[in-house]
Amino acid sequence: MSVHAFVFPGQGSQSVGMGQALNEAFASSRAVFQEVDEALGDHLSRLMFTGDADELTRTENAQPALFAVSLAAVRALESEGGFKLADKAALVAGHSLGEYSALAAAGTLGIAEGARLLRLRGQAMQRAVPAGEGGMAALLGVDASQARAICDEAAQGETLEIANDNGGGQIVVSGVMSAIDRAIVVAKEHGIKRAVKLPVSAPFHSSLMAPAAREMEEALATATLNPPSIPVIANVTAAKVTDPAVIRELLVKQVTGTVRWRESVQTMVAMGVTNMHELGAGKVLCGLARRIAPELATSNAGTPAEIEALLKTL
């Protein structure tokens with residue numbers, strides 16, 4: 001018997017044109033994009049469909065935009081299939097901002113509230129560290145203990161931490177830019193396969209994001225969070241969570257904490273998941289899942305054709 005989990009992508013999966021075909025094909029998707037535009041008071045959908053790539057990549061735009069595409073895919077799946085996601089899903093999870101998409105898919109967050117929180121989250125993360133002072137780098141062909149050793153050696157008293165344990169030997173570190181530069185050198189000295197600086201504007205998921213975490217704590221304190229209709233795997237614990245009060249706390253911790261994606265996928269497998277479906281833009285999480293748990297059947301759905309194909313398997 002197949003057991004399905006739905007997962008939602010994070011920053012880096014955005015591209016101009018994403019969501020446009022969903023918007024044209026499904027009234028339910030169109031309603032999501034309209035709701036997000038109205039909630040933010042701007043034409044984010046226009047930027048997503050036909051806008052400037054650099055403008056879309058700005059954190060304050062990319063975060064609510066990726067959320068919108070994921071929820072447009074969820075609504076298309078539900079409306080075309082005549083079911084609620086909770087009827088088909090054992091678990092949901094999302095990578096970084098994708099956790100908000102997972103929570104909205106599970107009914108914990110409303111779409112308008114999720115979009116507003118992610119716009120604020122993007123702005124707060126950008127404000128936390130002046131541009132150019134912090135960054136991130138991907139280390140490929142390492143495990144967590146090797147990555148920690150590289151961080152310890154390269155930090156030299158500055159902040160340098162594991163931001164994402166993505167699995168398949170891919171770990172992202174985050175911190176002060178000078179420490180990031182040293183980490184790339186140290187990684188190569190350790191014979192690491194590849195170490196590359198990422199094109200991001202801030203040191204996400206590090207303790208340098210503490211000012212952003214405080215802003216999100218204030219915003220989440222007044223947000224309406226309902227119990228999820230489907231258990232959610234939280235980024236910072238890699239364990240399922242169903243209590244709205246705990247979800248609130250973990251979303252604050254997530255701003256500065258490590259995204260434990262490798263362990264999150266392993267948790268899903270341990271809980272009996274056989275099929276993982278990535279809803280929204282890109283195929284990043286499917287690629288990671290194939291390296292973490294090759295036994296998982298994976299699919300992605302971000303276009304009308306992919307939605308139709310997925311409906312046949314559910």
# chains A, B, ... in the order shown; residues from 1 in each chain; ligands from 1
$ residues_around --residues "Asn235 in chain A" --least-positions-apart "3" --cutoff "10 Å" --atoms "only C-alpha atoms" --output "number ranges by chain"
A: 93-99, 164, 232, 238-240, 250-251, 253-254, 257-264
$ closest_residue --among "A:Pro130, A:Gly107, A:Gly175, A:Gly41" --to "Val92 in chain A" --atoms "only C-alpha atoms"
A:Gly107
$ select_by_dssp --residues "range 190-283 of chain A" --states "strand (DSSP E)" --output "ChimeraX atom specification"
/A:194-197,232-233,240-241,275-279
$ atom_distance --atom1 "CA of Val74 in chain A" --atom2 "CA of Cys286 in chain A"
16.8 Å
$ residues_around --residues "range 198-201 of chain A" --least-positions-apart "2" --cutoff "10 Å" --atoms "only C-alpha atoms" --output "short mmCIF file (atom, residue, chain, number, x, y, z; two decimals) with C-alpha atoms, in the first residue's frame"
data_model
loop_
_atom_site.label_atom_id
_atom_site.label_comp_id
_atom_site.auth_asym_id
_atom_site.auth_seq_id
_atom_site.Cartn_x
_atom_site.Cartn_y
_atom_site.Cartn_z
CA GLN A 11 14.37 29.56 -1.79
CA GLY A 12 16.44 28.89 -4.89
CA THR A 57 15.08 36.54 -6.44
CA ARG A 58 14.98 39.27 -3.76
CA THR A 59 14.20 37.43 -0.55
CA MET A 125 16.14 38.41 7.23
CA GLN A 126 17.48 41.04 4.85
CA VAL A 129 22.72 41.67 8.51
CA PRO A 130 23.97 44.50 6.25
CA ALA A 131 24.30 43.46 2.59
CA GLY A 132 27.67 41.90 1.81
CA GLU A 133 28.59 41.14 5.43
CA GLY A 134 27.20 37.61 5.51
CA GLY A 135 26.75 34.73 3.10
CA MET A 136 26.36 31.01 2.57
CA ALA A 137 28.33 28.25 0.87
CA ALA A 138 27.45 24.72 -0.22
CA VAL A 172 25.16 24.45 3.45
CA VAL A 173 27.08 26.64 5.89
CA SER A 174 26.17 30.18 6.82
CA ALA A 195 32.75 24.08 -2.09
CA VAL A 196 30.87 26.97 -3.69
CA PRO A 203 23.50 34.36 6.12
CA PHE A 204 20.19 32.52 6.52
#
$ residues_around --residues "Met216 in chain A" --least-positions-apart "4" --cutoff "12 Å" --atoms "only C-alpha atoms" --output "number ranges by chain"
A: 116-125, 128, 209-212, 220-223, 248-256
$ select_by_dssp --residues "range 141-255 of chain A" --states "helix (DSSP H, G or I)" --output "ChimeraX atom specification"
/A:144-155,177-189,207-221,244-255
$ closest_residue --among "A:Glu60, A:Val186, A:Ala104, A:Ala112" --to "Arg148 in chain A" --atoms "only C-alpha atoms"
A:Val186
